[in-house]
Structure formats: structure tokens, C-alpha cells
>>> print(open('work.pdb').read())   # PDB, C-alpha atoms, pLDDT in the B column
ATOM      1  CA  GLY A   1      36.396 -32.785  -9.495  1.00 69.00           C
ATOM      2  CA  HIS A   2      33.615 -30.317  -9.293  1.00 61.00           C
ATOM      3  CA  ARG A   3      30.759 -29.134 -11.416  1.00 55.00           C
ATOM      4  CA  ARG A   4      28.812 -25.963 -11.115  1.00 53.00           C
ATOM      5  CA  TYR A   5      25.492 -24.723 -12.410  1.00 53.00           C
ATOM      6  CA  SER A   6      25.381 -21.566 -14.500  1.00 51.00           C
ATOM      7  CA  GLY A   7      23.278 -19.937 -17.177  1.00 61.00           C
ATOM      8  CA  ARG A   8      25.558 -21.747 -19.629  1.00 66.00           C
ATOM      9  CA  GLY A   9      25.043 -25.079 -17.903  1.00 85.00           C
ATOM     10  CA  PRO A  10      27.384 -27.041 -15.624  1.00 93.00           C
ATOM     11  CA  PHE A  11      31.138 -27.031 -16.136  1.00 93.00           C
ATOM     12  CA  PHE A  12      34.304 -28.394 -14.561  1.00 95.00           C
ATOM     13  CA  TYR A  13      37.963 -27.490 -14.264  1.00 94.00           C
ATOM     14  CA  LEU A  14      41.057 -29.432 -15.208  1.00 93.00           C
ATOM     15  CA  GLN A  15      44.429 -28.368 -13.918  1.00 91.00           C
ATOM     16  CA  HIS A  16      47.589 -29.000 -15.907  1.00 89.00           C
ATOM     17  CA  ARG A  17      49.914 -29.843 -13.060  1.00 79.00           C
ATOM     18  CA  ALA A  18      53.401 -28.351 -12.869  1.00 73.00           C
ATOM     19  CA  ALA A  19      56.130 -30.767 -13.939  1.00 66.00           C
ATOM     20  CA  ALA A  20      57.890 -30.413 -10.570  1.00 61.00           C
ATOM     21  CA  GLY A  21      57.064 -29.323  -7.045  1.00 60.00           C
ATOM     22  CA  VAL A  22      53.651 -31.009  -6.754  1.00 58.00           C
ATOM     23  CA  ALA A  23      52.844 -34.120  -4.728  1.00 57.00           C
ATOM     24  CA  THR A  24      50.438 -35.678  -7.215  1.00 60.00           C
ATOM     25  CA  MET A  25      50.236 -36.031 -11.004  1.00 62.00           C
ATOM     26  CA  PRO A  26      53.263 -33.933 -12.089  1.00 66.00           C
ATOM     27  CA  GLY A  27      53.059 -32.991 -15.778  1.00 73.00           C
ATOM     28  CA  LEU A  28      49.535 -34.379 -16.254  1.00 85.00           C
ATOM     29  CA  ALA A  29      46.075 -32.841 -16.184  1.00 90.00           C
ATOM     30  CA  GLY A  30      43.684 -33.751 -13.408  1.00 91.00           C
ATOM     31  CA  LEU A  31      40.404 -32.507 -12.070  1.00 92.00           C
ATOM     32  CA  VAL A  32      40.170 -29.734  -9.507  1.00 92.00           C
ATOM     33  CA  PRO A  33      40.391 -30.292  -6.626  1.00 89.00           C
ATOM     34  CA  ALA A  34      43.156 -32.866  -6.405  1.00 87.00           C
ATOM     35  CA  GLY A  35      45.664 -33.498  -3.677  1.00 84.00           C
ATOM     36  CA  GLU A  36      46.919 -35.644  -0.881  1.00 84.00           C
ATOM     37  CA  PHE A  37      44.684 -36.413   2.090  1.00 86.00           C
ATOM     38  CA  GLN A  38      47.035 -35.128   4.762  1.00 85.00           C
ATOM     39  CA  PRO A  39      47.140 -32.638   7.635  1.00 85.00           C
ATOM     40  CA  THR A  40      48.665 -29.178   7.269  1.00 85.00           C
ATOM     41  CA  SER A  41      51.511 -30.148   9.610  1.00 83.00           C
ATOM     42  CA  ALA A  42      52.777 -33.037  11.721  1.00 80.00           C
ATOM     43  CA  ALA A  43      51.547 -31.367  14.920  1.00 83.00           C
ATOM     44  CA  TYR A  44      49.099 -33.528  16.867  1.00 85.00           C
ATOM     45  CA  ALA A  45      46.487 -30.749  16.869  1.00 87.00           C
ATOM     46  CA  ALA A  46      46.684 -30.522  13.051  1.00 86.00           C
ATOM     47  CA  LEU A  47      46.350 -34.295  12.734  1.00 85.00           C
ATOM     48  CA  ARG A  48      43.106 -34.106  14.710  1.00 86.00           C
ATOM     49  CA  SER A  49      41.790 -30.947  13.048  1.00 89.00           C
ATOM     50  CA  ASP A  50      42.609 -31.812   9.441  1.00 88.00           C
ATOM     51  CA  ALA A  51      41.662 -35.521   9.383  1.00 88.00           C
ATOM     52  CA  ASP A  52      38.505 -34.758   7.429  1.00 93.00           C
ATOM     53  CA  VAL A  53      37.957 -35.262   3.695  1.00 94.00           C
ATOM     54  CA  TRP A  54      35.837 -32.110   3.329  1.00 96.00           C
ATOM     55  CA  ARG A  55      38.514 -29.994   5.010  1.00 95.00           C
ATOM     56  CA  CYS A  56      41.120 -31.411   2.639  1.00 94.00           C
ATOM     57  CA  VAL A  57      38.863 -30.610  -0.324  1.00 95.00           C
ATOM     58  CA  MET A  58      38.401 -27.038   0.916  1.00 96.00           C
ATOM     59  CA  ARG A  59      42.166 -26.543   1.221  1.00 94.00           C
ATOM     60  CA  GLU A  60      42.668 -27.800  -2.336  1.00 92.00           C
ATOM     61  CA  PHE A  61      39.975 -25.435  -3.673  1.00 94.00           C
ATOM     62  CA  ALA A  62      41.748 -22.559  -1.898  1.00 93.00           C
ATOM     63  CA  GLU A  63      45.088 -23.504  -3.449  1.00 90.00           C
ATOM     64  CA  GLU A  64      44.043 -24.529  -6.955  1.00 90.00           C
ATOM     65  CA  ILE A  65      41.261 -22.040  -7.719  1.00 92.00           C
ATOM     66  CA  LEU A  66      42.074 -19.054  -5.528  1.00 91.00           C
ATOM     67  CA  GLY A  67      45.864 -19.371  -5.783  1.00 87.00           C
ATOM     68  CA  ARG A  68      46.439 -19.518  -2.031  1.00 86.00           C
ATOM     69  CA  PRO A  69      49.834 -20.823  -0.893  1.00 79.00           C
ATOM     70  CA  ASP A  70      50.033 -24.533  -0.083  1.00 74.00           C
ATOM     71  CA  LEU A  71      48.836 -24.681   3.501  1.00 69.00           C
ATOM     72  CA  ASN A  72      50.987 -27.754   4.138  1.00 64.00           C
ATOM     73  CA  GLU A  73      54.092 -25.623   3.646  1.00 57.00           C
ATOM     74  CA  GLN A  74      53.042 -22.152   4.736  1.00 55.00           C
ATOM     75  CA  ARG A  75      51.328 -22.652   8.095  1.00 57.00           C
ATOM     76  CA  GLY A  76      52.597 -22.603  11.611  1.00 63.00           C
ATOM     77  CA  ALA A  77      49.107 -22.557  13.143  1.00 77.00           C
ATOM     78  CA  LEU A  78      45.900 -24.509  12.704  1.00 87.00           C
ATOM     79  CA  VAL A  79      43.486 -23.515   9.970  1.00 90.00           C
ATOM     80  CA  ASP A  80      40.400 -21.881  11.487  1.00 93.00           C
ATOM     81  CA  TYR A  81      37.797 -23.533   9.278  1.00 95.00           C
ATOM     82  CA  GLU A  82      34.929 -21.661  10.946  1.00 96.00           C
ATOM     83  CA  ARG A  83      36.290 -18.118  10.519  1.00 96.00           C
ATOM     84  CA  GLU A  84      39.016 -18.116   7.851  1.00 94.00           C
ATOM     85  CA  SER A  85      38.098 -17.443   4.222  1.00 95.00           C
ATOM     86  CA  PRO A  86      37.276 -19.330   1.978  1.00 96.00           C
ATOM     87  CA  PHE A  87      36.753 -22.198   4.439  1.00 97.00           C
ATOM     88  CA  ARG A  88      34.041 -20.363   6.337  1.00 97.00           C
ATOM     89  CA  GLU A  89      32.102 -19.630   3.142  1.00 98.00           C
ATOM     90  CA  LEU A  90      32.518 -23.171   1.825  1.00 98.00           C
ATOM     91  CA  GLY A  91      31.353 -24.635   5.128  1.00 97.00           C
ATOM     92  CA  LEU A  92      28.314 -22.365   5.302  1.00 98.00           C
ATOM     93  CA  ALA A  93      27.407 -23.172   1.686  1.00 98.00           C
ATOM     94  CA  ARG A  94      27.688 -26.895   2.357  1.00 98.00           C
ATOM     95  CA  ARG A  95      25.521 -26.716   5.486  1.00 98.00           C
ATOM     96  CA  ALA A  96      22.909 -24.746   3.501  1.00 98.00           C
ATOM     97  CA  GLY A  97      22.937 -27.306   0.658  1.00 97.00           C
ATOM     98  CA  ARG A  98      24.375 -24.763  -1.803  1.00 97.00           C
ATOM     99  CA  VAL A  99      27.385 -27.005  -2.380  1.00 97.00           C
ATOM    100  CA  ARG A 100      26.917 -30.758  -2.321  1.00 97.00           C
ATOM    101  CA  PRO A 101      29.953 -33.061  -2.207  1.00 97.00           C
ATOM    102  CA  TYR A 102      29.468 -36.685  -3.284  1.00 97.00           C
ATOM    103  CA  VAL A 103      31.963 -39.541  -3.055  1.00 95.00           C
ATOM    104  CA  LEU A 104      31.859 -41.410  -6.371  1.00 95.00           C
ATOM    105  CA  ASP A 105      34.203 -44.229  -5.404  1.00 93.00           C
ATOM    106  CA  ILE A 106      37.320 -45.167  -3.500  1.00 93.00           C
ATOM    107  CA  GLY A 107      39.939 -46.976  -5.517  1.00 88.00           C
ATOM    108  CA  PHE A 108      43.279 -48.574  -4.776  1.00 84.00           C
ATOM    109  CA  ASP A 109      46.275 -48.001  -7.037  1.00 79.00           C
ATOM    110  CA  PRO A 110      48.218 -51.288  -7.214  1.00 80.00           C
ATOM    111  CA  VAL A 111      51.400 -49.491  -8.341  1.00 78.00           C
ATOM    112  CA  SER A 112      51.624 -46.750  -5.694  1.00 78.00           C
ATOM    113  CA  TRP A 113      49.652 -48.663  -3.037  1.00 84.00           C
ATOM    114  CA  LYS A 114      47.616 -45.535  -2.386  1.00 84.00           C
ATOM    115  CA  ALA A 115      43.875 -45.253  -2.005  1.00 87.00           C
ATOM    116  CA  GLY A 116      42.169 -42.575  -4.072  1.00 89.00           C
ATOM    117  CA  ILE A 117      38.894 -40.910  -3.159  1.00 92.00           C
ATOM    118  CA  ARG A 118      37.079 -39.679  -6.244  1.00 93.00           C
ATOM    119  CA  LEU A 119      34.394 -37.140  -5.546  1.00 94.00           C
ATOM    120  CA  VAL A 120      32.343 -34.439  -7.164  1.00 96.00           C
ATOM    121  CA  CYS A 121      31.155 -31.163  -5.632  1.00 96.00           C
ATOM    122  CA  VAL A 122      28.043 -29.632  -7.174  1.00 96.00           C
ATOM    123  CA  PHE A 123      27.741 -25.885  -6.537  1.00 96.00           C
ATOM    124  CA  GLU A 124      24.726 -23.666  -6.976  1.00 95.00           C
ATOM    125  CA  GLU A 125      25.687 -20.720  -9.144  1.00 92.00           C
ATOM    126  CA  ASP A 126      25.282 -17.971  -6.544  1.00 93.00           C
ATOM    127  CA  ALA A 127      27.385 -19.844  -3.993  1.00 95.00           C
ATOM    128  CA  TYR A 128      30.094 -20.479  -6.557  1.00 94.00           C
ATOM    129  CA  GLN A 129      30.134 -16.832  -7.626  1.00 92.00           C
ATOM    130  CA  GLU A 130      30.473 -15.661  -4.015  1.00 94.00           C
ATOM    131  CA  ILE A 131      33.160 -18.115  -2.929  1.00 96.00           C
ATOM    132  CA  PHE A 132      35.406 -18.079  -5.992  1.00 94.00           C
ATOM    133  CA  ARG A 133      35.179 -14.405  -6.911  1.00 91.00           C
ATOM    134  CA  GLY A 134      38.616 -13.253  -8.016  1.00 84.00           C
ATOM    135  CA  MET A 135      39.825 -16.744  -8.929  1.00 91.00           C
ATOM    136  CA  LEU A 136      43.154 -17.052 -10.721  1.00 88.00           C
ATOM    137  CA  PRO A 137      43.827 -18.990 -13.947  1.00 89.00           C
ATOM    138  CA  GLY A 138      46.700 -20.821 -12.262  1.00 84.00           C
ATOM    139  CA  SER A 139      48.815 -21.275  -9.179  1.00 82.00           C
ATOM    140  CA  ASP A 140      52.208 -22.665  -8.178  1.00 80.00           C
ATOM    141  CA  GLU A 141      50.722 -26.138  -8.751  1.00 78.00           C
ATOM    142  CA  GLY A 142      49.752 -25.565 -12.396  1.00 85.00           C
ATOM    143  CA  HIS A 143      47.314 -23.773 -14.686  1.00 89.00           C
ATOM    144  CA  LEU A 144      43.626 -24.338 -15.289  1.00 91.00           C
ATOM    145  CA  GLU A 145      42.197 -25.432 -18.615  1.00 89.00           C
ATOM    146  CA  LEU A 146      39.537 -22.836 -19.352  1.00 89.00           C
ATOM    147  CA  SER A 147      36.947 -22.424 -22.083  1.00 87.00           C
ATOM    148  CA  SER A 148      37.627 -18.666 -22.077  1.00 86.00           C
ATOM    149  CA  LEU A 149      39.660 -15.998 -20.285  1.00 85.00           C
ATOM    150  CA  VAL A 150      36.799 -13.519 -20.680  1.00 85.00           C
ATOM    151  CA  ARG A 151      34.924 -12.667 -17.516  1.00 84.00           C
ATOM    152  CA  ASP A 152      32.849  -9.879 -16.060  1.00 80.00           C
ATOM    153  CA  GLY A 153      34.877  -8.118 -13.388  1.00 83.00           C
ATOM    154  CA  ASP A 154      36.207 -10.582 -10.830  1.00 83.00           C
ATOM    155  CA  GLU A 155      33.639 -13.339 -11.426  1.00 87.00           C
ATOM    156  CA  PRO A 156      35.029 -16.890 -11.670  1.00 91.00           C
ATOM    157  CA  LEU A 157      36.531 -17.938 -14.986  1.00 90.00           C
ATOM    158  CA  PRO A 158      34.470 -20.412 -17.036  1.00 88.00           C
ATOM    159  CA  GLY A 159      35.650 -24.001 -17.032  1.00 91.00           C
ATOM    160  CA  MET A 160      35.038 -26.725 -19.579  1.00 94.00           C
ATOM    161  CA  PRO A 161      31.360 -27.404 -20.373  1.00 95.00           C
ATOM    162  CA  PHE A 162      30.027 -30.586 -18.823  1.00 96.00           C
ATOM    163  CA  ASP A 163      28.262 -31.854 -21.929  1.00 96.00           C
ATOM    164  CA  GLU A 164      28.414 -35.094 -23.896  1.00 97.00           C
ATOM    165  CA  GLU A 165      30.880 -33.833 -26.525  1.00 97.00           C
ATOM    166  CA  THR A 166      33.357 -32.515 -23.951  1.00 96.00           C
ATOM    167  CA  VAL A 167      33.021 -35.596 -21.750  1.00 97.00           C
ATOM    168  CA  ARG A 168      33.720 -37.915 -24.720  1.00 96.00           C
ATOM    169  CA  THR A 169      36.776 -35.833 -25.653  1.00 95.00           C
ATOM    170  CA  TYR A 170      38.298 -35.982 -22.179  1.00 94.00           C
ATOM    171  CA  LEU A 171      37.540 -39.662 -21.681  1.00 95.00           C
ATOM    172  CA  LYS A 172      39.930 -40.331 -24.594  1.00 93.00           C
ATOM    173  CA  ALA A 173      42.552 -37.664 -23.815  1.00 90.00           C
ATOM    174  CA  PRO A 174      45.973 -39.273 -23.206  1.00 87.00           C
ATOM    175  CA  ALA A 175      47.389 -36.500 -20.981  1.00 88.00           C
ATOM    176  CA  ILE A 176      44.519 -36.756 -18.482  1.00 91.00           C
ATOM    177  CA  THR A 177      45.052 -38.890 -15.408  1.00 89.00           C
ATOM    178  CA  ALA A 178      43.193 -42.173 -15.158  1.00 88.00           C
ATOM    179  CA  ALA A 179      41.550 -40.930 -11.944  1.00 89.00           C
ATOM    180  CA  ALA A 180      40.246 -37.822 -13.734  1.00 93.00           C
ATOM    181  CA  ARG A 181      38.845 -39.896 -16.607  1.00 94.00           C
ATOM    182  CA  LEU A 182      37.146 -42.217 -14.132  1.00 93.00           C
ATOM    183  CA  CYS A 183      35.697 -39.291 -12.178  1.00 95.00           C
ATOM    184  CA  ILE A 184      34.400 -37.587 -15.329  1.00 96.00           C
ATOM    185  CA  GLY A 185      32.866 -40.861 -16.539  1.00 96.00           C
ATOM    186  CA  LEU A 186      31.192 -41.657 -13.206  1.00 96.00           C
ATOM    187  CA  THR A 187      29.829 -38.140 -12.902  1.00 97.00           C
ATOM    188  CA  TRP A 188      28.415 -38.311 -16.434  1.00 97.00           C
ATOM    189  CA  GLU A 189      26.886 -41.723 -15.756  1.00 97.00           C
ATOM    190  CA  HIS A 190      25.209 -40.500 -12.546  1.00 97.00           C
ATOM    191  CA  ARG A 191      24.517 -36.898 -13.597  1.00 96.00           C
ATOM    192  CA  GLU A 192      20.759 -37.152 -13.086  1.00 96.00           C
ATOM    193  CA  LYS A 193      21.122 -38.536  -9.557  1.00 96.00           C
ATOM    194  CA  LEU A 194      23.633 -35.787  -8.807  1.00 95.00           C
ATOM    195  CA  GLY A 195      21.180 -33.151 -10.020  1.00 93.00           C
ATOM    196  CA  ILE A 196      23.377 -31.977 -12.877  1.00 92.00           C
TER     197      ILE A 196
END
>>> encode(input="work.pdb", output="C-alpha cells")
Amino acid sequence: GHRRYSGRGPFFYLQHRAAAGVATMPGLAGLVPAGEFQPTSAAYAALRSDADVWRCVMREFAEEILGRPDLNEQRGALVDYERESPFRELGLARRAGRVRPYVLDIGFDPVSWKAGIRLVCVFEEDAYQEIFRGMLPGSDEGHLELSSLVRDGDEPLPGMPFDEETVRTYLKAPAITAAARLCIGLTWEHREKLGI
């Protein structure tokens, strides 16, 4: 999941996943970004280029917030993370400390036998505004849960406030994935250390 600073305080996005056609959590709500840690293709060059958690996170942001097509299905060439938007902007912001990703934990699902990496990305407001300008309220993978559809021009849409009342509500919500609840709870527990 991710949180961002704003004049209204930090907030986060949940995505109500489509019931079909998605690799993870069909029909449930999960935090953005969410996805499979996998390369964009089976080509050896893609395996080498994409075997990076941050690059996977960037691809999911592009798909889930900016509505870009799923790169795992649409590409015939490698992603140019240094020059292609929004990867270039995300990478520059991370190197400048304007976006800070933190791994909260790595868990193992005994049913699916899959490891899950739960993380949070904390954005400074100006970086978030620049990178996610023109964001969409949904994509082929599902629609975002938003606190409002009102925005100024093409600025990013406001997510759910990251405050105690909202956190308590989502920690009890039955249609939220267990991973999302855990991520929200860990982020709330460590919010001071994360600078939120």
C-alpha cells in the first residue's frame, strides 16, 4: 500500500479488484499497489531486468493508478525504467528521498504456498502530484475506493484518510484482503517511524 502527505494529511488507496481477469484477489479490495512479483515476459532479458521489487511496484502503480495496460500482457520489449514515464519520475523521486518505500514484512500463505511482500511507499506531496497527475479512478483491474471524485484539474484523486477512525473501520472490513488489513495495521503501528 502507499500513503501520501497532503494538506489534508496522509491517505491511502484501496482497489476493488475485478471479479475476473486479475491474477490476485479477484472480487476483493486490496491496497494499491498489489500484484505478482514477476517479469514482464519470459524473455531472459526481462527476467534479469524486472527481478527487482521496486520495479514491480512501479509497474503496479502505473497500471492501478494511471490506468496503463498490464505490462505483462502488452509488451514485446523491455521496460526502459530510466527514460519511460512514470518509471523515470518514480525512480528520480525515490533517489531524491521524495518517495520512500519500506518493507513491512514478508509472509507465507500456507494455502497458496506463496510469499507475500507487504510494503508501504510514503510520498511527499509535490512528488505525488507530479507523478500521478491525471490519475484515473479505475482500470481494467478494478476501481479505486475514493473519499471524493472532486479534484482540481488533473491533480490526483483523494484516497481514504489515514487516520484512526478509518484504520479501525478497514481493519474490521470483511471484503478487504487479509494482506491489506495486515499492511494497514502495521503501517498504523509504525506510523511515527515511517514519518507519517
>>> resolve_selection(input="work.pdb", expression="the PyMOL selection byres ((chain A and resi 102) around 7)", output="list in words")
Arg100, Pro101, Val103, Leu104, Leu119, Val120 and Cys121 of chain A
>>> closest_residue(input="work.pdb", among="A:Leu157, A:Ile184, A:Ala179, A:Ile117", to="Leu144 of chain A", atoms="all atoms listed in the file")
A:Leu157
>>> closest_residue(input="work.pdb", among="A:Glu36, A:Glu124, A:Glu165, A:Glu141", to="Leu90 of chain A", atoms="only C-alpha atoms")
A:Glu124
>>> closest_residue(input="work.pdb", among="A:Phe87, A:Leu171, A:Ile196, A:Gly138", to="Phe123 of chain A", atoms="all atoms listed in the file")
A:Ile196
>>> closest_residue(input="work.pdb", among="A:Asp109, A:Phe61, A:Leu194, A:Gly67", to="Val32 of chain A", atoms="only C-alpha atoms")
A:Phe61
>>> closest_residue(input="work.pdb", among="A:Phe12, A:Tyr81, A:Phe108, A:Trp188", to="Ala62 of chain A", atoms="all atoms listed in the file")
A:Tyr81
>>> atom_distance(input="work.pdb", atom1="atom CA of Glu89 of chain A", atom2="atom CA of Glu155 of chain A")
15.9 Å
>>> atom_distance(input="work.pdb", atom1="atom CA of Gly97 of chain A", atom2="atom CA of Asp163 of chain A")
23.6 Å
>>> atom_distance(input="work.pdb", atom1="atom CA of Glu63 of chain A", atom2="atom CA of Leu186 of chain A")
24.9 Å
>>> residues_around(input="work.pdb", residues="Arg88 of chain A", least_positions_apart="5", cutoff="12 Å", atoms="only C-alpha atoms", output="list in words")
Arg55, Met58, Arg59, Ala62, Val79, Asp80, Tyr81, Glu82, Arg83, Ala93, Arg94, Arg95, Glu130 and Ile131 of chain A
>>> write_last_selection(input="work.pdb", atoms="C-alpha atoms", output="mmCIF file, keeping the file's coordinate frame")
data_model
loop_
_atom_site.group_PDB
_atom_site.id
_atom_site.type_symbol
_atom_site.label_atom_id
_atom_site.label_comp_id
_atom_site.auth_asym_id
_atom_site.auth_seq_id
_atom_site.Cartn_x
_atom_site.Cartn_y
_atom_site.Cartn_z
ATOM 1 C CA ARG A 55 38.514 -29.994 5.010
ATOM 2 C CA MET A 58 38.401 -27.038 0.916
ATOM 3 C CA ARG A 59 42.166 -26.543 1.221
ATOM 4 C CA ALA A 62 41.748 -22.559 -1.898
ATOM 5 C CA VAL A 79 43.486 -23.515 9.970
ATOM 6 C CA ASP A 80 40.400 -21.881 11.487
ATOM 7 C CA TYR A 81 37.797 -23.533 9.278
ATOM 8 C CA GLU A 82 34.929 -21.661 10.946
ATOM 9 C CA ARG A 83 36.290 -18.118 10.519
ATOM 10 C CA ALA A 93 27.407 -23.172 1.686
ATOM 11 C CA ARG A 94 27.688 -26.895 2.357
ATOM 12 C CA ARG A 95 25.521 -26.716 5.486
ATOM 13 C CA GLU A 130 30.473 -15.661 -4.015
ATOM 14 C CA ILE A 131 33.160 -18.115 -2.929
#
>>> residues_around(input="work.pdb", residues="Gly30 of chain A", least_positions_apart="3", cutoff="7 Å", atoms="only C-alpha atoms", output="MDAnalysis selection string")
chainID A and resid 14:16 176:177 180
>>> resolve_selection(input="work.pdb", expression="the PyMOL selection byres ((chain A and resi 78) around 10)", output="list of chain:residue names")
A:Pro39, A:Thr40, A:Ser41, A:Ala43, A:Ala45, A:Ala46, A:Leu47, A:Ser49, A:Asp50, A:Leu71, A:Arg75, A:Gly76, A:Ala77, A:Val79, A:Asp80, A:Tyr81
>>> build_atoms(input="work.pdb", residues="segment 152-175 of chain A", atoms="N, CA, C and O atoms", output="PDB file, in the coordinates of the input")
ATOM      1  N   ASP A 152      33.414 -11.156 -16.457  1.00 80.00           N
ATOM      2  CA  ASP A 152      32.849  -9.879 -16.060  1.00 80.00           C
ATOM      3  C   ASP A 152      33.396  -9.512 -14.688  1.00 80.00           C
ATOM      4  O   ASP A 152      33.045 -10.139 -13.686  1.00 80.00           O
ATOM      5  N   GLY A 153      34.291  -8.530 -14.656  1.00 83.00           N
ATOM      6  CA  GLY A 153      34.877  -8.118 -13.388  1.00 83.00           C
ATOM      7  C   GLY A 153      35.713  -9.221 -12.785  1.00 83.00           C
ATOM      8  O   GLY A 153      36.572  -9.801 -13.444  1.00 83.00           O
ATOM      9  N   ASP A 154      35.432  -9.553 -11.516  1.00 83.00           N
ATOM     10  CA  ASP A 154      36.207 -10.582 -10.830  1.00 83.00           C
ATOM     11  C   ASP A 154      35.429 -11.885 -10.670  1.00 83.00           C
ATOM     12  O   ASP A 154      35.735 -12.699  -9.825  1.00 83.00           O
ATOM     13  N   GLU A 155      34.396 -12.086 -11.510  1.00 87.00           N
ATOM     14  CA  GLU A 155      33.639 -13.339 -11.426  1.00 87.00           C
ATOM     15  C   GLU A 155      34.548 -14.509 -11.785  1.00 87.00           C
ATOM     16  O   GLU A 155      35.580 -14.340 -12.448  1.00 87.00           O
ATOM     17  N   PRO A 156      34.198 -15.722 -11.350  1.00 91.00           N
ATOM     18  CA  PRO A 156      35.029 -16.890 -11.670  1.00 91.00           C
ATOM     19  C   PRO A 156      35.151 -17.121 -13.175  1.00 91.00           C
ATOM     20  O   PRO A 156      34.228 -16.840 -13.936  1.00 91.00           O
ATOM     21  N   LEU A 157      36.302 -17.606 -13.578  1.00 90.00           N
ATOM     22  CA  LEU A 157      36.531 -17.938 -14.986  1.00 90.00           C
ATOM     23  C   LEU A 157      35.741 -19.185 -15.371  1.00 90.00           C
ATOM     24  O   LEU A 157      35.573 -20.095 -14.561  1.00 90.00           O
ATOM     25  N   PRO A 158      35.256 -19.246 -16.614  1.00 88.00           N
ATOM     26  CA  PRO A 158      34.470 -20.412 -17.036  1.00 88.00           C
ATOM     27  C   PRO A 158      35.357 -21.628 -17.302  1.00 88.00           C
ATOM     28  O   PRO A 158      36.394 -21.526 -17.949  1.00 88.00           O
ATOM     29  N   GLY A 159      34.934 -22.756 -16.796  1.00 91.00           N
ATOM     30  CA  GLY A 159      35.650 -24.001 -17.032  1.00 91.00           C
ATOM     31  C   GLY A 159      35.175 -24.665 -18.308  1.00 91.00           C
ATOM     32  O   GLY A 159      34.585 -24.034 -19.187  1.00 91.00           O
ATOM     33  N   MET A 160      35.434 -25.964 -18.396  1.00 94.00           N
ATOM     34  CA  MET A 160      35.038 -26.725 -19.579  1.00 94.00           C
ATOM     35  C   MET A 160      33.581 -27.161 -19.425  1.00 94.00           C
ATOM     36  O   MET A 160      33.171 -27.614 -18.355  1.00 94.00           O
ATOM     37  N   PRO A 161      32.772 -27.030 -20.495  1.00 95.00           N
ATOM     38  CA  PRO A 161      31.360 -27.404 -20.373  1.00 95.00           C
ATOM     39  C   PRO A 161      31.201 -28.896 -20.076  1.00 95.00           C
ATOM     40  O   PRO A 161      31.899 -29.725 -20.652  1.00 95.00           O
ATOM     41  N   PHE A 162      30.298 -29.193 -19.167  1.00 96.00           N
ATOM     42  CA  PHE A 162      30.027 -30.586 -18.823  1.00 96.00           C
ATOM     43  C   PHE A 162      28.888 -31.066 -19.706  1.00 96.00           C
ATOM     44  O   PHE A 162      27.725 -31.142 -19.307  1.00 96.00           O
ATOM     45  N   ASP A 163      29.236 -31.357 -20.964  1.00 96.00           N
ATOM     46  CA  ASP A 163      28.262 -31.854 -21.929  1.00 96.00           C
ATOM     47  C   ASP A 163      28.832 -33.113 -22.583  1.00 96.00           C
ATOM     48  O   ASP A 163      30.002 -33.462 -22.387  1.00 96.00           O
ATOM     49  N   GLU A 164      28.005 -33.797 -23.353  1.00 97.00           N
ATOM     50  CA  GLU A 164      28.414 -35.094 -23.896  1.00 97.00           C
ATOM     51  C   GLU A 164      29.651 -34.994 -24.779  1.00 97.00           C
ATOM     52  O   GLU A 164      30.560 -35.825 -24.689  1.00 97.00           O
ATOM     53  N   GLU A 165      29.734 -33.973 -25.624  1.00 97.00           N
ATOM     54  CA  GLU A 165      30.880 -33.833 -26.525  1.00 97.00           C
ATOM     55  C   GLU A 165      32.181 -33.646 -25.739  1.00 97.00           C
ATOM     56  O   GLU A 165      33.190 -34.295 -26.021  1.00 97.00           O
ATOM     57  N   THR A 166      32.154 -32.770 -24.743  1.00 96.00           N
ATOM     58  CA  THR A 166      33.357 -32.515 -23.951  1.00 96.00           C
ATOM     59  C   THR A 166      33.739 -33.737 -23.133  1.00 96.00           C
ATOM     60  O   THR A 166      34.920 -34.098 -23.046  1.00 96.00           O
ATOM     61  N   VAL A 167      32.755 -34.386 -22.540  1.00 97.00           N
ATOM     62  CA  VAL A 167      33.021 -35.596 -21.750  1.00 97.00           C
ATOM     63  C   VAL A 167      33.675 -36.659 -22.626  1.00 97.00           C
ATOM     64  O   VAL A 167      34.690 -37.251 -22.248  1.00 97.00           O
ATOM     65  N   ARG A 168      33.135 -36.907 -23.814  1.00 96.00           N
ATOM     66  CA  ARG A 168      33.720 -37.915 -24.720  1.00 96.00           C
ATOM     67  C   ARG A 168      35.165 -37.560 -25.078  1.00 96.00           C
ATOM     68  O   ARG A 168      36.035 -38.426 -25.142  1.00 96.00           O
ATOM     69  N   THR A 169      35.421 -36.278 -25.312  1.00 95.00           N
ATOM     70  CA  THR A 169      36.776 -35.833 -25.653  1.00 95.00           C
ATOM     71  C   THR A 169      37.749 -36.140 -24.525  1.00 95.00           C
ATOM     72  O   THR A 169      38.826 -36.704 -24.746  1.00 95.00           O
ATOM     73  N   TYR A 170      37.384 -35.794 -23.298  1.00 94.00           N
ATOM     74  CA  TYR A 170      38.298 -35.982 -22.179  1.00 94.00           C
ATOM     75  C   TYR A 170      38.424 -37.443 -21.748  1.00 94.00           C
ATOM     76  O   TYR A 170      39.442 -37.829 -21.187  1.00 94.00           O
ATOM     77  N   LEU A 171      37.423 -38.246 -22.015  1.00 95.00           N
ATOM     78  CA  LEU A 171      37.540 -39.662 -21.681  1.00 95.00           C
ATOM     79  C   LEU A 171      38.587 -40.359 -22.547  1.00 95.00           C
ATOM     80  O   LEU A 171      39.101 -41.410 -22.177  1.00 95.00           O
ATOM     81  N   LYS A 172      38.927 -39.750 -23.701  1.00 93.00           N
ATOM     82  CA  LYS A 172      39.930 -40.331 -24.594  1.00 93.00           C
ATOM     83  C   LYS A 172      41.271 -39.610 -24.518  1.00 93.00           C
ATOM     84  O   LYS A 172      42.234 -40.048 -25.138  1.00 93.00           O
ATOM     85  N   ALA A 173      41.346 -38.495 -23.811  1.00 90.00           N
ATOM     86  CA  ALA A 173      42.552 -37.664 -23.815  1.00 90.00           C
ATOM     87  C   ALA A 173      43.712 -38.376 -23.117  1.00 90.00           C
ATOM     88  O   ALA A 173      43.587 -38.775 -21.967  1.00 90.00           O
ATOM     89  N   PRO A 174      44.850 -38.527 -23.788  1.00 87.00           N
ATOM     90  CA  PRO A 174      45.973 -39.273 -23.206  1.00 87.00           C
ATOM     91  C   PRO A 174      46.695 -38.560 -22.071  1.00 87.00           C
ATOM     92  O   PRO A 174      47.288 -39.209 -21.216  1.00 87.00           O
ATOM     93  N   ALA A 175      46.650 -37.226 -22.020  1.00 88.00           N
ATOM     94  CA  ALA A 175      47.389 -36.500 -20.981  1.00 88.00           C
ATOM     95  C   ALA A 175      46.557 -36.258 -19.730  1.00 88.00           C
ATOM     96  O   ALA A 175      46.964 -35.527 -18.837  1.00 88.00           O
TER      97      ALA A 175
END
